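Worksheet for the structure shown next.
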Amino acid sequence: MTAVPVLPSAGALPPHVRSAFGVAEVEPRPAMWAGRRAWRCGDLLLRPVPDKVVTAWSAGVLDGLRVEGLRIAQPVRSSDGRWVVGGWAANRFVAGTVEPRYDAVLTAALRLHEALADVERPRLLDGRDDLAARSAAAAFGERRVPLDPATGGALFTQLAAYRAPLHLTPRLVHPELFGAVLFDDAGVPALIELVPCWRPAEWASAVVVVDAVAWGGGDRGLLERWADTAQWPQALLRAVLFRLALHAQHPEASPSTLEGLERAAGLVSALL
């Protein structure tokens, strides 16, 4: 469960945005992008964005990025060189759907993070205090966050006692790859967005596994097949704690929506 972003209205694509991205004469067609409403105009996909600064930074990183075996939804500048116009951004349309190919997503994650290895920590992360940032800080024991016991806080407290030192190097990672990787008819993955986070790559992979087990039908074998990942049990533990902390603070959380995370927590606990 992720935070609900505040977006510009996606009900209508403003004419000036279409003009800015050079598709004024193209009839917009409704589409979905990262689970949110967007508009397809020819080979472009136009979408409202929750954070202009993050979107512009992300576009600058993805622009021209090449990752072996991974298609990238390349960002597109407006006619005056901007990445974001009136709260809207554009990228090249990439075909595909979200599929439960979690080992392929994890392989894509490894290749993506390797390609991003030389990217410096973005200053936009300084002082960040959104739901995801607070939850990650809580998971790594860097911050105490009030958590609702009924929607994950009690389980978080129980599991946090099993944290051991984690000797992994933080770097630029994408912590929300579950649902952000599409597959075409040939099974080739595509990345449709880049969410910046400065944490170990092993943890980002573990988040994919926890999400897959909690909400995507992933099984125990997914944890076992990636067991040679450095400090895997502790990376998985912090991934579970991250999702529990996020869930326990989320405005739409309920005890019933916790069931998947409880299952994931049980499988991870068996490895500790």
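Each chain of the structure tokens is named A, B, ... in the order shown, its residues numbered from 1; ligands are numbered from 1 in display order.
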Could you go through region 79-261 of chain A and tell me which residues DSSP, when run on the backbone, assigns to strand (DSSP E), listing them as a list in words?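 For region 79-261 of chain A, the strand (DSSP E) set is Val84, Val85, Trp88, Ala89, Ala90, Asn91, Arg92, Pro170, Arg171, Leu172, Val173, Val181, Leu182, Phe183, Pro189, Ala190, Leu191, Cys197, Trp198, Arg199 and Pro200 of chain A.
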Neighbouring residues of Gly217 (chain A) were defined as those with any atom within 10 Å, considering only C-alpha atoms; residues of the same chain fewer than 5 positions away were excluded. Please report them as a PyMOL selection string. chain A and resi 100+102+211-212+260
Emit the selected residues as a PDB file, in the first residue's frame, including all heavy atoms.
ATOM      1  N   PRO A 100       2.566 -11.110 -13.128  1.00  0.00           N
ATOM      2  CA  PRO A 100       3.243 -11.683 -11.962  1.00  0.00           C
ATOM      3  C   PRO A 100       4.537 -12.415 -12.317  1.00  0.00           C
ATOM      4  O   PRO A 100       4.749 -13.577 -11.926  1.00  0.00           O
ATOM      5  CB  PRO A 100       2.186 -12.634 -11.387  1.00  0.00           C
ATOM      6  CG  PRO A 100       1.406 -13.081 -12.576  1.00  0.00           C
ATOM      7  CD  PRO A 100       1.332 -11.867 -13.472  1.00  0.00           C
ATOM      8  N   TYR A 102       7.684 -12.128 -11.195  1.00  0.00           N
ATOM      9  CA  TYR A 102       8.448 -11.440 -10.165  1.00  0.00           C
ATOM     10  C   TYR A 102       9.944 -11.690 -10.244  1.00  0.00           C
ATOM     11  O   TYR A 102      10.744 -10.799  -9.917  1.00  0.00           O
ATOM     12  CB  TYR A 102       7.900 -11.815  -8.790  1.00  0.00           C
ATOM     13  CG  TYR A 102       6.429 -11.492  -8.674  1.00  0.00           C
ATOM     14  CD1 TYR A 102       5.500 -12.462  -8.289  1.00  0.00           C
ATOM     15  CD2 TYR A 102       5.948 -10.224  -9.001  1.00  0.00           C
ATOM     16  CE1 TYR A 102       4.154 -12.175  -8.207  1.00  0.00           C
ATOM     17  CE2 TYR A 102       4.598  -9.930  -8.926  1.00  0.00           C
ATOM     18  CZ  TYR A 102       3.699 -10.910  -8.529  1.00  0.00           C
ATOM     19  OH  TYR A 102       2.365 -10.624  -8.468  1.00  0.00           O
ATOM     20  N   ASP A 211       6.188  -7.254  -1.498  1.00  0.00           N
ATOM     21  CA  ASP A 211       4.967  -6.843  -2.191  1.00  0.00           C
ATOM     22  C   ASP A 211       4.344  -8.001  -2.963  1.00  0.00           C
ATOM     23  O   ASP A 211       3.120  -8.183  -2.969  1.00  0.00           O
ATOM     24  CB  ASP A 211       5.281  -5.691  -3.158  1.00  0.00           C
ATOM     25  CG  ASP A 211       5.589  -4.383  -2.444  1.00  0.00           C
ATOM     26  OD1 ASP A 211       5.388  -4.314  -1.211  1.00  0.00           O
ATOM     27  OD2 ASP A 211       6.024  -3.424  -3.115  1.00  0.00           O
ATOM     28  N   ALA A 212       5.203  -8.777  -3.628  1.00  0.00           N
ATOM     29  CA  ALA A 212       4.700  -9.902  -4.420  1.00  0.00           C
ATOM     30  C   ALA A 212       4.028 -10.935  -3.538  1.00  0.00           C
ATOM     31  O   ALA A 212       2.976 -11.482  -3.881  1.00  0.00           O
ATOM     32  CB  ALA A 212       5.842 -10.531  -5.211  1.00  0.00           C
ATOM     33  N   GLY A 260      -2.347  -9.575   3.840  1.00  0.00           N
ATOM     34  CA  GLY A 260      -1.244  -9.938   2.964  1.00  0.00           C
ATOM     35  C   GLY A 260       0.100  -9.699   3.613  1.00  0.00           C
ATOM     36  O   GLY A 260       1.020 -10.523   3.494  1.00  0.00           O
TER      37      GLY A 260
END
Counting only C-alpha atoms, the option among A:His174, A:Arg163, A:Arg220, A:Arg199 closest to Leu241 (chain A):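 Among A:His174, A:Arg163, A:Arg220, A:Arg199, it is A:Arg163 that comes nearest to Leu241 (chain A).
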Helix (DSSP H, G or I) call set, DSSP backbone run, region 44-269 of chain A, as a ChimeraX atom specification: /A:52-62,102-115,123-125,131-139,149-151,153-160,201-215,220-225,232-249,255-269
Rank A:Val188, A:Glu193, A:Leu131, A:Gln158 by their smallest atom-to-atom distance to Trp33 (chain A), using only C-alpha atoms, and report the top residue only.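 Of A:Val188, A:Glu193, A:Leu131, A:Gln158, the one nearest Trp33 (chain A), counting only C-alpha atoms, is A:Glu193.
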Suppose you want the space between CA of Pro149 (chain A) and CA of Arg263 (chain A); what is it in Å? 16.9 Å
Mind checking which residues fall within 9 Å of Val94 (chain A), counting only C-alpha atoms, ignoring those fewer than 4 positions away in the same chain, and posting them as a list in words? Asp43, Leu44, Leu45, Arg71, Ile72, Ala73, Gln74, Leu182, Asp184, Ala190, Leu191 and Ile192 of chain A
For the residues selected in the previous step, produce a file with N, CA and C atoms as an mmCIF file, in the first residue's frame.
data_model
loop_
_atom_site.group_PDB
_atom_site.id
_atom_site.type_symbol
_atom_site.label_atom_id
_atom_site.label_comp_id
_atom_site.auth_asym_id
_atom_site.auth_seq_id
_atom_site.Cartn_x
_atom_site.Cartn_y
_atom_site.Cartn_z
ATOM 1 N N ASP A 43 2.180 8.468 -30.072
ATOM 2 C CA ASP A 43 3.181 7.672 -29.368
ATOM 3 C C ASP A 43 3.617 8.319 -28.059
ATOM 4 N N LEU A 44 2.879 9.355 -27.627
ATOM 5 C CA LEU A 44 3.175 9.989 -26.349
ATOM 6 C C LEU A 44 2.114 9.632 -25.315
ATOM 7 N N LEU A 45 2.545 9.579 -24.063
ATOM 8 C CA LEU A 45 1.632 9.393 -22.951
ATOM 9 C C LEU A 45 1.773 10.622 -22.053
ATOM 10 N N ARG A 71 13.311 -2.076 -21.277
ATOM 11 C CA ARG A 71 12.847 -0.909 -22.015
ATOM 12 C C ARG A 71 12.561 0.226 -21.036
ATOM 13 N N ILE A 72 12.782 1.439 -21.481
ATOM 14 C CA ILE A 72 12.549 2.615 -20.641
ATOM 15 C C ILE A 72 11.520 3.509 -21.307
ATOM 16 N N ALA A 73 10.524 3.930 -20.538
ATOM 17 C CA ALA A 73 9.558 4.905 -21.051
ATOM 18 C C ALA A 73 10.259 6.265 -21.061
ATOM 19 N N GLN A 74 10.886 6.586 -22.189
ATOM 20 C CA GLN A 74 11.720 7.773 -22.261
ATOM 21 C C GLN A 74 10.901 9.052 -22.077
ATOM 22 N N LEU A 182 6.308 -3.207 -16.685
ATOM 23 C CA LEU A 182 5.347 -3.797 -17.617
ATOM 24 C C LEU A 182 6.040 -4.844 -18.479
ATOM 25 N N ASP A 184 5.745 -6.842 -22.315
ATOM 26 C CA ASP A 184 5.067 -6.911 -23.609
ATOM 27 C C ASP A 184 4.772 -8.361 -23.952
ATOM 28 N N ALA A 190 9.547 -3.409 -19.107
ATOM 29 C CA ALA A 190 9.689 -1.978 -19.358
ATOM 30 C C ALA A 190 9.487 -1.233 -18.051
ATOM 31 N N LEU A 191 10.291 -0.225 -17.822
ATOM 32 C CA LEU A 191 10.169 0.631 -16.645
ATOM 33 C C LEU A 191 9.395 1.876 -17.026
ATOM 34 N N ILE A 192 8.342 2.197 -16.254
ATOM 35 C CA ILE A 192 7.505 3.330 -16.632
ATOM 36 C C ILE A 192 7.709 4.549 -15.750
#
Residue among A:Ala34, A:Val213, A:Ala132, A:Leu110 lying closest to Leu246 (chain A), counting only C-alpha atoms: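 Distance minimum relative to Leu246 (chain A) lands on A:Ala132.
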Contacts of Pro196 (chain A) at 12 Å (only C-alpha atoms; same-chain gap of 4+ positions) as a compact mmCIF listing (two decimals) with all heavy atoms, in the first residue's frame:
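Once everything was written out, this is result-v7.txt:
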# COMPACT_ATOMS: atom_id res chain seq x y z
N ASP A 51 4.42 15.42 -8.00
CA ASP A 51 5.54 16.22 -7.52
C ASP A 51 6.37 16.68 -8.71
O ASP A 51 7.07 15.89 -9.34
CB ASP A 51 6.40 15.39 -6.55
CG ASP A 51 7.45 16.21 -5.84
OD1 ASP A 51 8.12 17.03 -6.50
OD2 ASP A 51 7.62 16.03 -4.61
N VAL A 53 9.04 18.58 -8.88
CA VAL A 53 10.49 18.52 -8.70
C VAL A 53 11.00 17.10 -8.91
O VAL A 53 11.98 16.88 -9.63
CB VAL A 53 10.88 19.02 -7.30
CG1 VAL A 53 12.38 18.83 -7.06
CG2 VAL A 53 10.51 20.50 -7.14
N VAL A 54 10.33 16.13 -8.31
CA VAL A 54 10.74 14.73 -8.46
C VAL A 54 10.60 14.29 -9.92
O VAL A 54 11.47 13.61 -10.46
CB VAL A 54 9.92 13.82 -7.54
CG1 VAL A 54 10.17 12.34 -7.88
CG2 VAL A 54 10.26 14.08 -6.08
N THR A 55 9.51 14.70 -10.55
CA THR A 55 9.28 14.31 -11.95
C THR A 55 10.37 14.86 -12.86
O THR A 55 10.89 14.16 -13.73
CB THR A 55 7.91 14.79 -12.42
OG1 THR A 55 6.89 14.15 -11.63
CG2 THR A 55 7.68 14.44 -13.88
N ALA A 56 10.73 16.12 -12.66
CA ALA A 56 11.77 16.74 -13.49
C ALA A 56 13.12 16.07 -13.25
O ALA A 56 13.88 15.79 -14.19
CB ALA A 56 11.85 18.23 -13.21
N TRP A 57 13.43 15.79 -11.98
CA TRP A 57 14.69 15.10 -11.68
C TRP A 57 14.69 13.72 -12.31
O TRP A 57 15.68 13.30 -12.93
CB TRP A 57 14.86 14.98 -10.17
CG TRP A 57 16.03 14.12 -9.80
CD1 TRP A 57 17.33 14.49 -9.64
CD2 TRP A 57 16.00 12.70 -9.60
NE1 TRP A 57 18.11 13.40 -9.35
CE2 TRP A 57 17.32 12.29 -9.32
CE3 TRP A 57 14.97 11.75 -9.62
CZ2 TRP A 57 17.64 10.96 -9.05
CZ3 TRP A 57 15.30 10.43 -9.36
CH2 TRP A 57 16.63 10.05 -9.08
N SER A 58 13.60 12.97 -12.14
CA SER A 58 13.50 11.63 -12.68
C SER A 58 13.67 11.63 -14.20
O SER A 58 14.38 10.77 -14.76
CB SER A 58 12.15 11.02 -12.31
OG SER A 58 11.97 9.76 -12.92
N ALA A 59 13.05 12.60 -14.86
CA ALA A 59 13.16 12.69 -16.31
C ALA A 59 14.61 12.92 -16.73
O ALA A 59 15.10 12.33 -17.71
CB ALA A 59 12.28 13.81 -16.84
N VAL A 61 17.26 11.90 -15.22
CA VAL A 61 18.02 10.66 -15.05
C VAL A 61 17.66 9.63 -16.12
O VAL A 61 18.53 8.96 -16.69
CB VAL A 61 17.77 10.06 -13.64
CG1 VAL A 61 18.44 8.70 -13.51
CG2 VAL A 61 18.30 11.01 -12.57
N LEU A 62 16.38 9.52 -16.42
CA LEU A 62 15.93 8.52 -17.39
C LEU A 62 16.23 8.90 -18.83
O LEU A 62 16.28 8.04 -19.70
CB LEU A 62 14.42 8.28 -17.23
CG LEU A 62 13.96 7.59 -15.95
CD1 LEU A 62 12.44 7.47 -15.94
CD2 LEU A 62 14.59 6.20 -15.82
N HIS A 113 19.50 -0.88 -11.06
CA HIS A 113 20.30 -0.28 -10.00
C HIS A 113 21.78 -0.27 -10.35
O HIS A 113 22.51 0.64 -9.94
CB HIS A 113 20.04 -1.01 -8.68
CG HIS A 113 18.63 -0.83 -8.20
ND1 HIS A 113 17.93 -1.81 -7.54
CD2 HIS A 113 17.79 0.24 -8.30
CE1 HIS A 113 16.72 -1.36 -7.25
NE2 HIS A 113 16.61 -0.13 -7.72
N LEU A 116 22.31 2.70 -12.46
CA LEU A 116 22.19 3.94 -11.70
C LEU A 116 23.31 4.10 -10.66
O LEU A 116 23.29 5.06 -9.88
CB LEU A 116 20.84 3.99 -10.98
CG LEU A 116 19.58 3.99 -11.84
CD1 LEU A 116 18.35 3.86 -10.96
CD2 LEU A 116 19.51 5.26 -12.69
N VAL A 119 24.98 7.51 -10.13
CA VAL A 119 24.14 8.69 -9.91
C VAL A 119 24.28 9.13 -8.45
O VAL A 119 24.13 8.32 -7.54
CB VAL A 119 22.66 8.41 -10.24
CG1 VAL A 119 21.81 9.65 -9.97
CG2 VAL A 119 22.53 7.98 -11.69
N GLU A 120 24.57 10.40 -8.25
CA GLU A 120 24.76 10.91 -6.89
C GLU A 120 23.42 11.06 -6.17
O GLU A 120 22.37 11.15 -6.80
CB GLU A 120 25.47 12.27 -6.94
CG GLU A 120 26.88 12.20 -7.50
CD GLU A 120 27.56 13.56 -7.49
OE1 GLU A 120 26.88 14.56 -7.13
OE2 GLU A 120 28.75 13.63 -7.82
N ARG A 121 23.50 11.10 -4.87
CA ARG A 121 22.29 11.27 -4.06
C ARG A 121 21.64 12.61 -4.40
O ARG A 121 22.26 13.66 -4.29
CB ARG A 121 22.63 11.23 -2.57
CG ARG A 121 21.40 11.28 -1.66
CD ARG A 121 21.83 11.25 -0.20
NE ARG A 121 20.69 11.14 0.69
CZ ARG A 121 19.93 12.17 1.07
NH1 ARG A 121 20.20 13.39 0.64
NH2 ARG A 121 18.90 11.98 1.89
N PRO A 122 20.38 12.59 -4.83
CA PRO A 122 19.72 13.85 -5.20
C PRO A 122 19.39 14.70 -3.98
O PRO A 122 18.94 14.20 -2.94
CB PRO A 122 18.44 13.37 -5.90
CG PRO A 122 18.19 12.01 -5.36
CD PRO A 122 19.53 11.41 -5.07
N ARG A 123 19.62 15.99 -4.11
CA ARG A 123 19.36 16.91 -3.00
C ARG A 123 17.88 16.97 -2.65
O ARG A 123 17.52 17.33 -1.52
CB ARG A 123 19.87 18.30 -3.37
CG ARG A 123 21.39 18.38 -3.53
CD ARG A 123 21.84 19.77 -3.92
NE ARG A 123 21.42 20.76 -2.92
CZ ARG A 123 21.62 22.08 -3.08
NH1 ARG A 123 22.17 22.54 -4.19
NH2 ARG A 123 21.23 22.92 -2.13
N LEU A 124 17.01 16.61 -3.58
CA LEU A 124 15.58 16.66 -3.30
C LEU A 124 15.17 15.70 -2.20
O LEU A 124 14.06 15.80 -1.66
CB LEU A 124 14.77 16.39 -4.58
CG LEU A 124 14.97 15.06 -5.32
CD1 LEU A 124 14.11 13.97 -4.74
CD2 LEU A 124 14.68 15.23 -6.80
N LEU A 125 16.05 14.75 -1.85
CA LEU A 125 15.75 13.84 -0.75
C LEU A 125 16.06 14.45 0.62
O LEU A 125 15.62 13.93 1.64
CB LEU A 125 16.54 12.54 -0.91
CG LEU A 125 16.18 11.67 -2.11
CD1 LEU A 125 17.06 10.43 -2.14
CD2 LEU A 125 14.70 11.26 -2.08
N ASP A 126 16.80 15.56 0.64
CA ASP A 126 17.15 16.21 1.89
C ASP A 126 15.88 16.72 2.59
O ASP A 126 15.08 17.44 1.99
CB ASP A 126 18.10 17.39 1.66
CG ASP A 126 19.45 16.95 1.13
OD1 ASP A 126 19.75 15.75 1.21
OD2 ASP A 126 20.20 17.82 0.64
N ARG A 128 13.26 15.27 3.34
CA ARG A 128 12.01 14.68 2.87
C ARG A 128 11.25 14.03 4.02
O ARG A 128 11.83 13.28 4.80
CB ARG A 128 12.31 13.65 1.78
CG ARG A 128 11.09 13.07 1.09
CD ARG A 128 11.54 12.20 -0.06
NE ARG A 128 10.41 11.54 -0.71
CZ ARG A 128 10.53 10.69 -1.73
NH1 ARG A 128 11.74 10.43 -2.22
NH2 ARG A 128 9.47 10.12 -2.27
N ALA A 132 6.38 7.64 2.64
CA ALA A 132 7.37 6.62 2.29
C ALA A 132 8.69 6.86 3.00
O ALA A 132 9.32 5.93 3.50
CB ALA A 132 7.58 6.58 0.78
N ALA A 133 9.13 8.12 3.06
CA ALA A 133 10.40 8.44 3.71
C ALA A 133 10.34 8.13 5.20
O ALA A 133 11.28 7.57 5.78
CB ALA A 133 10.75 9.90 3.48
N ARG A 171 22.46 3.57 -2.02
CA ARG A 171 22.67 4.11 -3.36
C ARG A 171 21.30 4.52 -3.89
O ARG A 171 20.28 4.35 -3.23
CB ARG A 171 23.30 3.05 -4.27
CG ARG A 171 22.42 1.81 -4.39
CD ARG A 171 23.18 0.60 -4.89
NE ARG A 171 23.70 0.77 -6.22
CZ ARG A 171 24.35 -0.18 -6.89
NH1 ARG A 171 24.60 -1.34 -6.30
NH2 ARG A 171 24.78 0.01 -8.11
N LEU A 172 21.28 5.06 -5.09
CA LEU A 172 20.00 5.42 -5.69
C LEU A 172 19.26 4.15 -6.10
O LEU A 172 19.77 3.35 -6.89
CB LEU A 172 20.20 6.31 -6.92
CG LEU A 172 18.90 6.72 -7.62
CD1 LEU A 172 18.06 7.62 -6.72
CD2 LEU A 172 19.21 7.43 -8.94
N VAL A 173 18.06 3.98 -5.54
CA VAL A 173 17.25 2.81 -5.88
C VAL A 173 15.81 3.24 -6.12
O VAL A 173 15.39 4.33 -5.75
CB VAL A 173 17.28 1.74 -4.76
CG1 VAL A 173 18.69 1.21 -4.57
CG2 VAL A 173 16.71 2.28 -3.45
N HIS A 174 15.08 2.34 -6.75
CA HIS A 174 13.65 2.51 -6.99
C HIS A 174 12.93 1.58 -6.01
O HIS A 174 13.00 0.37 -6.14
CB HIS A 174 13.32 2.12 -8.43
CG HIS A 174 11.94 2.47 -8.88
ND1 HIS A 174 10.83 2.33 -8.08
CD2 HIS A 174 11.48 2.95 -10.07
CE1 HIS A 174 9.75 2.70 -8.74
NE2 HIS A 174 10.11 3.08 -9.94
N PRO A 175 12.23 2.13 -4.99
CA PRO A 175 11.61 1.28 -3.98
C PRO A 175 10.20 0.83 -4.30
O PRO A 175 9.56 0.18 -3.48
CB PRO A 175 11.59 2.21 -2.75
CG PRO A 175 11.33 3.56 -3.35
CD PRO A 175 12.06 3.57 -4.68
N GLU A 176 9.71 1.17 -5.49
CA GLU A 176 8.31 0.86 -5.83
C GLU A 176 8.21 0.15 -7.18
O GLU A 176 7.38 0.48 -8.02
CB GLU A 176 7.47 2.15 -5.86
CG GLU A 176 7.40 2.88 -4.54
CD GLU A 176 6.58 2.14 -3.49
OE1 GLU A 176 5.89 1.16 -3.84
OE2 GLU A 176 6.64 2.52 -2.30
N LEU A 177 9.06 -0.85 -7.39
CA LEU A 177 9.07 -1.52 -8.69
C LEU A 177 7.91 -2.49 -8.88
O LEU A 177 7.56 -2.83 -10.00
CB LEU A 177 10.40 -2.26 -8.88
CG LEU A 177 11.59 -1.35 -9.21
CD1 LEU A 177 12.90 -2.12 -9.11
CD2 LEU A 177 11.43 -0.74 -10.59
N ALA A 201 20.51 -1.46 -2.50
CA ALA A 201 19.80 -2.10 -3.61
C ALA A 201 19.19 -3.43 -3.18
O ALA A 201 18.13 -3.82 -3.68
CB ALA A 201 20.77 -2.32 -4.77
N ALA A 204 15.79 -2.73 -1.82
CA ALA A 204 14.81 -2.45 -2.86
C ALA A 204 14.32 -3.74 -3.51
O ALA A 204 13.13 -3.88 -3.81
CB ALA A 204 15.42 -1.51 -3.92
Atomic separation - CA of Gly187 (chain A) relative to CA of Leu46 (chain A), Å: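 Calculated distance between CA of Leu46 (chain A) and CA of Gly187 (chain A) is 24.6 Å.
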